[in-house]
>>> print(open('model_23.pdb').read())   # PDB, C-alpha atoms
ATOM      1  CA  SER A1090      40.964   5.742  62.869  1.00  0.00           C
ATOM      2  CA  CYS A1091      41.861   3.275  65.582  1.00  0.00           C
ATOM      3  CA  PHE A1092      39.969   0.967  67.894  1.00  0.00           C
ATOM      4  CA  TRP A1093      41.255  -0.607  71.099  1.00  0.00           C
ATOM      5  CA  VAL A1094      39.741  -3.419  73.122  1.00  0.00           C
ATOM      6  CA  ALA A1095      40.464  -4.152  76.795  1.00  0.00           C
ATOM      7  CA  VAL A1096      40.421  -7.882  77.513  1.00  0.00           C
ATOM      8  CA  LEU A1097      40.508  -9.455  80.979  1.00  0.00           C
ATOM      9  CA  ASP A1098      40.614 -13.232  81.441  1.00  0.00           C
ATOM     10  CA  GLY A1099      39.566 -13.717  77.823  1.00  0.00           C
ATOM     11  CA  ASN A1100      36.548 -11.398  78.067  1.00  0.00           C
ATOM     12  CA  VAL A1101      36.083  -8.006  76.426  1.00  0.00           C
ATOM     13  CA  VAL A1102      35.628  -5.525  79.283  1.00  0.00           C
ATOM     14  CA  GLY A1103      36.103  -2.187  77.500  1.00  0.00           C
ATOM     15  CA  ILE A1104      36.502  -0.425  74.179  1.00  0.00           C
ATOM     16  CA  VAL A1105      37.552   2.940  72.824  1.00  0.00           C
ATOM     17  CA  ALA A1106      37.796   4.383  69.340  1.00  0.00           C
ATOM     18  CA  ALA A1107      39.649   7.423  68.023  1.00  0.00           C
ATOM     19  CA  ARG A1108      39.492   9.242  64.712  1.00  0.00           C
ATOM     20  CA  GLY A1109      42.051  11.671  63.364  1.00  0.00           C
ATOM     21  CA  ASN A1110      41.137  14.857  61.530  1.00  0.00           C
ATOM     22  CA  GLU A1111      43.939  16.033  59.258  1.00  0.00           C
ATOM     23  CA  GLU A1112      42.282  19.407  58.540  1.00  0.00           C
ATOM     24  CA  ASP A1113      42.768  20.711  62.082  1.00  0.00           C
ATOM     25  CA  ASN A1114      45.267  18.083  63.293  1.00  0.00           C
ATOM     26  CA  THR A1115      42.987  16.847  66.097  1.00  0.00           C
ATOM     27  CA  MET A1116      42.214  13.352  67.316  1.00  0.00           C
ATOM     28  CA  GLU A1117      38.640  12.713  68.427  1.00  0.00           C
ATOM     29  CA  LEU A1118      38.130  10.213  71.239  1.00  0.00           C
ATOM     30  CA  ARG A1119      34.921   8.308  70.469  1.00  0.00           C
ATOM     31  CA  ARG A1120      32.828   5.506  71.908  1.00  0.00           C
ATOM     32  CA  MET A1121      34.629   4.769  75.175  1.00  0.00           C
ATOM     33  CA  SER A1122      32.755   2.143  77.143  1.00  0.00           C
ATOM     34  CA  VAL A1123      33.579  -0.229  80.002  1.00  0.00           C
ATOM     35  CA  ASP A1124      31.413  -3.128  81.144  1.00  0.00           C
ATOM     36  CA  SER A1125      29.535  -2.020  84.271  1.00  0.00           C
ATOM     37  CA  ASN A1126      30.888  -5.041  86.180  1.00  0.00           C
ATOM     38  CA  PHE A1127      34.453  -3.798  85.664  1.00  0.00           C
ATOM     39  CA  ARG A1128      34.115  -0.062  86.277  1.00  0.00           C
ATOM     40  CA  GLY A1129      36.268   1.556  88.932  1.00  0.00           C
ATOM     41  CA  LYS A1130      39.245  -0.689  88.149  1.00  0.00           C
ATOM     42  CA  GLY A1131      41.216   1.742  85.969  1.00  0.00           C
ATOM     43  CA  ILE A1132      40.209   0.206  82.635  1.00  0.00           C
ATOM     44  CA  ALA A1133      38.696   3.410  81.216  1.00  0.00           C
ATOM     45  CA  LYS A1134      41.739   5.388  82.330  1.00  0.00           C
ATOM     46  CA  ALA A1135      44.043   2.867  80.618  1.00  0.00           C
ATOM     47  CA  LEU A1136      41.988   3.078  77.416  1.00  0.00           C
ATOM     48  CA  GLY A1137      42.055   6.878  77.558  1.00  0.00           C
ATOM     49  CA  ARG A1138      45.822   6.849  78.044  1.00  0.00           C
ATOM     50  CA  LYS A1139      46.178   4.593  75.005  1.00  0.00           C
ATOM     51  CA  VAL A1140      44.396   7.220  72.883  1.00  0.00           C
ATOM     52  CA  LEU A1141      46.649   9.956  74.346  1.00  0.00           C
ATOM     53  CA  GLU A1142      49.752   7.891  73.585  1.00  0.00           C
ATOM     54  CA  PHE A1143      48.597   7.235  70.022  1.00  0.00           C
ATOM     55  CA  ALA A1144      47.811  10.924  69.453  1.00  0.00           C
ATOM     56  CA  MET A1145      51.226  12.009  70.747  1.00  0.00           C
ATOM     57  CA  LEU A1146      53.105   9.393  68.708  1.00  0.00           C
ATOM     58  CA  ASN A1147      51.287  10.575  65.591  1.00  0.00           C
ATOM     59  CA  ASN A1148      51.876  14.282  66.268  1.00  0.00           C
ATOM     60  CA  TYR A1149      48.283  15.402  66.762  1.00  0.00           C
ATOM     61  CA  SER A1150      48.027  18.827  68.388  1.00  0.00           C
ATOM     62  CA  SER A1151      44.975  18.039  70.531  1.00  0.00           C
ATOM     63  CA  ILE A1152      42.372  15.460  71.435  1.00  0.00           C
ATOM     64  CA  ILE A1153      38.707  16.365  71.571  1.00  0.00           C
ATOM     65  CA  LEU A1154      35.650  14.505  72.776  1.00  0.00           C
ATOM     66  CA  GLY A1155      31.958  15.050  73.197  1.00  0.00           C
ATOM     67  CA  THR A1156      29.721  13.238  75.629  1.00  0.00           C
ATOM     68  CA  THR A1157      26.144  13.120  76.804  1.00  0.00           C
ATOM     69  CA  ALA A1158      27.218  11.193  79.924  1.00  0.00           C
ATOM     70  CA  VAL A1159      25.194  12.082  82.991  1.00  0.00           C
ATOM     71  CA  LYS A1160      27.463  10.213  85.407  1.00  0.00           C
ATOM     72  CA  VAL A1161      29.824  12.514  87.285  1.00  0.00           C
ATOM     73  CA  ALA A1162      32.468   9.751  87.237  1.00  0.00           C
ATOM     74  CA  ALA A1163      32.742   9.980  83.439  1.00  0.00           C
ATOM     75  CA  HIS A1164      33.449  13.713  83.579  1.00  0.00           C
ATOM     76  CA  LYS A1165      35.973  13.213  86.391  1.00  0.00           C
ATOM     77  CA  LEU A1166      37.723  10.578  84.293  1.00  0.00           C
ATOM     78  CA  TYR A1167      38.176  12.963  81.360  1.00  0.00           C
ATOM     79  CA  GLU A1168      39.451  15.701  83.667  1.00  0.00           C
ATOM     80  CA  SER A1169      41.860  13.262  85.367  1.00  0.00           C
ATOM     81  CA  LEU A1170      43.331  12.520  81.936  1.00  0.00           C
ATOM     82  CA  GLY A1171      43.974  16.242  81.441  1.00  0.00           C
ATOM     83  CA  PHE A1172      40.929  17.232  79.373  1.00  0.00           C
ATOM     84  CA  LYS A1173      39.433  20.672  79.922  1.00  0.00           C
ATOM     85  CA  HIS A1174      35.685  21.245  79.727  1.00  0.00           C
ATOM     86  CA  VAL A1175      35.150  23.717  76.878  1.00  0.00           C
ATOM     87  CA  GLY A1176      31.384  23.940  76.527  1.00  0.00           C
ATOM     88  CA  ILE A1177      27.873  22.539  76.744  1.00  0.00           C
ATOM     89  CA  ILE A1178      25.148  22.318  74.128  1.00  0.00           C
ATOM     90  CA  GLU A1179      21.758  22.340  75.828  1.00  0.00           C
ATOM     91  CA  HIS A1180      18.863  20.319  74.370  1.00  0.00           C
ATOM     92  CA  TYR A1181      21.212  18.246  72.229  1.00  0.00           C
ATOM     93  CA  THR A1182      19.513  15.963  69.695  1.00  0.00           C
ATOM     94  CA  LEU A1183      20.865  12.505  68.959  1.00  0.00           C
ATOM     95  CA  PRO A1184      20.880  11.272  65.360  1.00  0.00           C
ATOM     96  CA  GLY A1185      17.580   9.529  64.682  1.00  0.00           C
ATOM     97  CA  MET A1186      15.521  11.520  67.168  1.00  0.00           C
ATOM     98  CA  THR A1187      12.179  12.597  65.742  1.00  0.00           C
ATOM     99  CA  HIS A1188      11.666  15.815  67.743  1.00  0.00           C
ATOM    100  CA  SER A1189       8.254  14.594  68.835  1.00  0.00           C
ATOM    101  CA  ILE A1190       6.474  16.332  71.711  1.00  0.00           C
ATOM    102  CA  LEU A1191       7.254  13.362  73.974  1.00  0.00           C
ATOM    103  CA  GLU A1192      10.962  13.465  73.125  1.00  0.00           C
ATOM    104  CA  ARG A1193      11.112  17.203  73.740  1.00  0.00           C
ATOM    105  CA  MET A1194       9.316  16.840  77.090  1.00  0.00           C
ATOM    106  CA  PHE A1195      11.122  13.790  78.491  1.00  0.00           C
ATOM    107  CA  PHE A1196      14.372  13.321  76.630  1.00  0.00           C
ATOM    108  CA  GLN A1197      16.637  16.325  76.819  1.00  0.00           C
ATOM    109  CA  LEU A1198      20.380  15.894  76.657  1.00  0.00           C
ATOM    110  CA  ARG A1199      23.310  18.105  77.497  1.00  0.00           C
ATOM    111  CA  TYR A1200      26.269  17.600  75.182  1.00  0.00           C
ATOM    112  CA  HIS A1201      29.597  18.345  76.886  1.00  0.00           C
ATOM    113  CA  ARG A1202      32.724  19.165  74.872  1.00  0.00           C
ATOM    114  CA  TYR A1203      36.251  18.529  76.170  1.00  0.00           C
ATOM    115  CA  ARG A1204      39.704  19.293  74.752  1.00  0.00           C
ATOM    116  CA  LEU A1205      43.202  18.186  75.686  1.00  0.00           C
ATOM    117  CA  GLN A1206      45.882  20.365  74.119  1.00  0.00           C
ATOM    118  CA  LEU A1207      49.001  18.268  73.407  1.00  0.00           C
ATOM    119  CA  ARG A1208      51.082  20.952  71.676  1.00  0.00           C
ATOM    120  CA  GLU A1209      50.630  24.309  70.026  1.00  0.00           C
ATOM    121  CA  GLU A1210      50.271  24.461  66.268  1.00  0.00           C
TER     122      GLU A1210
END
>>> encode(input="model_23.pdb", output="structure tokens")
Amino acid sequence: SCFWVAVLDGNVVGIVAARGNEEDNTMELRRMSVDSNFRGKGIAKALGRKVLEFAMLNNYSSIILGTTAVKVAAHKLYESLGFKHVGIIEHYTLPGMTHSILERMFFQLRYHRYRLQLREE
């Protein structure tokens, strides 16, 4: 597992984590976030590229990610990095959700899966 931090003028402005899976030789991009005051400046793309670089240097065959992001910009970012949308899980449940009537009525998520194939196994 790895964790990168983007710092600008001494302030943390973004983070990304990645976790390798030796069983299927994939790297999972996890927890990418950029401070809302610094979005649109290429920070997320730079963090994403760092994960790609790390995965290639360590001979992973692909990078996967899952997101519940509703912002179109997040999906465009992943696609601009070369990720392909491979599926959606409707009515996704976050860990800790209670499945109450209120949650089912007002809090429904779509979980999007993406994959970037780096090389064939």
>>> residues_near_point(input="model_23.pdb", point="(45.3, 15.8, 69.4)", cutoff="7 Å", atoms="all atoms listed in the file", output="NGL selection string")
:A and (1114-1116 or 1144 or 1149-1153 or 1206-1207)
>>> closest_residue(input="model_23.pdb", among="A:Gly1171, A:Gly1155, A:Gly1129, A:Gly1103", to="Leu1205 (chain A)", atoms="all atoms listed in the file")
A:Gly1171
>>> resolve_selection(input="model_23.pdb", expression="the PyMOL selection byres ((chain A and resi 1094) around 10)", output="list in words")
Phe1092, Trp1093, Ala1095, Val1096, Leu1097, Asn1100, Val1101, Val1102, Gly1103, Ile1104, Val1105, Ala1106, Met1121, Ser1122, Val1123 and Leu1136 of chain A
>>> atom_distance(input="model_23.pdb", atom1="CA of Ala1163 (chain A)", atom2="CA of Ile1132 (chain A)")
12.3 Å
>>> residues_around(input="model_23.pdb", residues="Ala1162 (chain A)", least_positions_apart="5", cutoff="12 Å", atoms="all atoms listed in the file", output="list in words")
Arg1128, Gly1129, Gly1131, Ala1133, Lys1134, Tyr1167, Glu1168 and Ser1169 of chain A
>>> write_last_selection(input="model_23.pdb", atoms="C-alpha atoms", output="compact mmCIF listing (two decimals), keeping the file's coordinate frame")
# COMPACT_ATOMS: atom_id res chain seq x y z
CA ARG A 1128 34.12 -0.06 86.28
CA GLY A 1129 36.27 1.56 88.93
CA GLY A 1131 41.22 1.74 85.97
CA ALA A 1133 38.70 3.41 81.22
CA LYS A 1134 41.74 5.39 82.33
CA TYR A 1167 38.18 12.96 81.36
CA GLU A 1168 39.45 15.70 83.67
CA SER A 1169 41.86 13.26 85.37
>>> atom_distance(input="model_23.pdb", atom1="CA of Gly1109 (chain A)", atom2="CA of Glu1179 (chain A)")
26.1 Å
>>> resolve_selection(input="model_23.pdb", expression="the PyMOL selection byres ((chain A and resi 1176) around 8)", output="PyMOL selection string")
chain A and resi 1174-1175+1177-1178+1201-1203
>>> closest_residue(input="model_23.pdb", among="A:Thr1157, A:Arg1108, A:Asn1126, A:Lys1173", to="Leu1198 (chain A)", atoms="all atoms listed in the file")
A:Thr1157
>>> atom_distance(input="model_23.pdb", atom1="CA of Asp1124 (chain A)", atom2="CA of Arg1138 (chain A)")
17.8 Å
>>> closest_residue(input="model_23.pdb", among="A:Cys1091, A:Val1159, A:Ala1135, A:Leu1118", to="Phe1172 (chain A)", atoms="all atoms listed in the file")
A:Leu1118
>>> closest_residue(input="model_23.pdb", among="A:Asn1110, A:Gly1099, A:Phe1127, A:Arg1119", to="Leu1154 (chain A)", atoms="only C-alpha atoms")
A:Arg1119
>>> closest_residue(input="model_23.pdb", among="A:Ser1090, A:Thr1187, A:Ser1125, A:Glu1142", to="Leu1170 (chain A)", atoms="only C-alpha atoms")
A:Glu1142
>>> decode(input="model_23.pdb", residues="region 1125-1148 of chain A", atoms="N, CA, C and O atoms", output="compact mmCIF listing (two decimals), in the first residue's frame")
# COMPACT_ATOMS: atom_id res chain seq x y z
N SER A 1125 -11.41 21.44 -2.03
CA SER A 1125 -12.30 22.11 -2.99
C SER A 1125 -11.76 23.45 -3.47
O SER A 1125 -12.06 23.87 -4.59
N ASN A 1126 -10.93 24.11 -2.67
CA ASN A 1126 -10.35 25.39 -3.08
C ASN A 1126 -9.26 25.24 -4.14
O ASN A 1126 -8.83 26.24 -4.73
N PHE A 1127 -8.80 24.01 -4.37
CA PHE A 1127 -7.71 23.78 -5.30
C PHE A 1127 -8.10 22.87 -6.47
O PHE A 1127 -7.23 22.44 -7.23
N ARG A 1128 -9.37 22.59 -6.62
CA ARG A 1128 -9.80 21.74 -7.73
C ARG A 1128 -9.70 22.50 -9.05
O ARG A 1128 -9.77 23.71 -9.08
N GLY A 1129 -9.53 21.75 -10.12
CA GLY A 1129 -9.41 22.35 -11.44
C GLY A 1129 -8.02 22.85 -11.76
O GLY A 1129 -7.81 23.53 -12.76
N LYS A 1130 -7.04 22.51 -10.94
CA LYS A 1130 -5.67 22.97 -11.13
C LYS A 1130 -4.71 21.83 -11.52
O LYS A 1130 -3.51 22.00 -11.53
N GLY A 1131 -5.27 20.65 -11.79
CA GLY A 1131 -4.44 19.52 -12.21
C GLY A 1131 -3.88 18.68 -11.08
O GLY A 1131 -3.10 17.76 -11.32
N ILE A 1132 -4.25 18.97 -9.85
CA ILE A 1132 -3.70 18.23 -8.70
C ILE A 1132 -4.18 16.79 -8.70
O ILE A 1132 -3.39 15.86 -8.51
N ALA A 1133 -5.47 16.57 -8.92
CA ALA A 1133 -6.01 15.20 -8.94
C ALA A 1133 -5.38 14.40 -10.08
O ALA A 1133 -5.05 13.22 -9.91
N LYS A 1134 -5.20 15.05 -11.23
CA LYS A 1134 -4.59 14.34 -12.36
C LYS A 1134 -3.15 13.96 -12.02
O LYS A 1134 -2.70 12.84 -12.32
N ALA A 1135 -2.41 14.85 -11.36
CA ALA A 1135 -1.03 14.54 -10.96
C ALA A 1135 -1.00 13.40 -9.96
O ALA A 1135 -0.15 12.51 -10.05
N LEU A 1136 -1.93 13.39 -9.01
CA LEU A 1136 -1.99 12.29 -8.04
C LEU A 1136 -2.33 10.98 -8.74
O LEU A 1136 -1.74 9.93 -8.45
N GLY A 1137 -3.29 11.01 -9.66
CA GLY A 1137 -3.64 9.82 -10.42
C GLY A 1137 -2.47 9.29 -11.22
O GLY A 1137 -2.23 8.08 -11.27
N ARG A 1138 -1.73 10.20 -11.84
CA ARG A 1138 -0.55 9.78 -12.62
C ARG A 1138 0.52 9.16 -11.73
O ARG A 1138 1.24 8.25 -12.14
N LYS A 1139 0.62 9.63 -10.49
CA LYS A 1139 1.59 9.05 -9.56
C LYS A 1139 1.23 7.59 -9.26
O LYS A 1139 2.11 6.72 -9.21
N VAL A 1140 -0.06 7.31 -9.10
CA VAL A 1140 -0.50 5.93 -8.88
C VAL A 1140 -0.19 5.08 -10.12
O VAL A 1140 0.31 3.96 -10.00
N LEU A 1141 -0.47 5.62 -11.32
CA LEU A 1141 -0.18 4.90 -12.56
C LEU A 1141 1.31 4.59 -12.66
O LEU A 1141 1.70 3.46 -12.99
N GLU A 1142 2.14 5.57 -12.38
CA GLU A 1142 3.59 5.39 -12.44
C GLU A 1142 4.04 4.31 -11.46
O GLU A 1142 4.83 3.43 -11.81
N PHE A 1143 3.53 4.36 -10.24
CA PHE A 1143 3.88 3.37 -9.23
C PHE A 1143 3.46 1.96 -9.68
O PHE A 1143 4.22 1.00 -9.53
N ALA A 1144 2.25 1.85 -10.21
CA ALA A 1144 1.75 0.55 -10.66
C ALA A 1144 2.61 -0.01 -11.80
O ALA A 1144 2.90 -1.21 -11.83
N MET A 1145 2.99 0.85 -12.73
CA MET A 1145 3.83 0.38 -13.85
C MET A 1145 5.22 -0.03 -13.37
O MET A 1145 5.74 -1.06 -13.79
N LEU A 1146 5.82 0.78 -12.50
CA LEU A 1146 7.15 0.46 -11.98
C LEU A 1146 7.17 -0.85 -11.19
O LEU A 1146 8.19 -1.52 -11.12
N ASN A 1147 6.03 -1.20 -10.60
CA ASN A 1147 5.94 -2.42 -9.81
C ASN A 1147 5.24 -3.56 -10.53
O ASN A 1147 4.83 -4.54 -9.91
N ASN A 1148 5.11 -3.42 -11.84
CA ASN A 1148 4.63 -4.49 -12.73
C ASN A 1148 3.23 -4.99 -12.44
O ASN A 1148 2.94 -6.18 -12.63
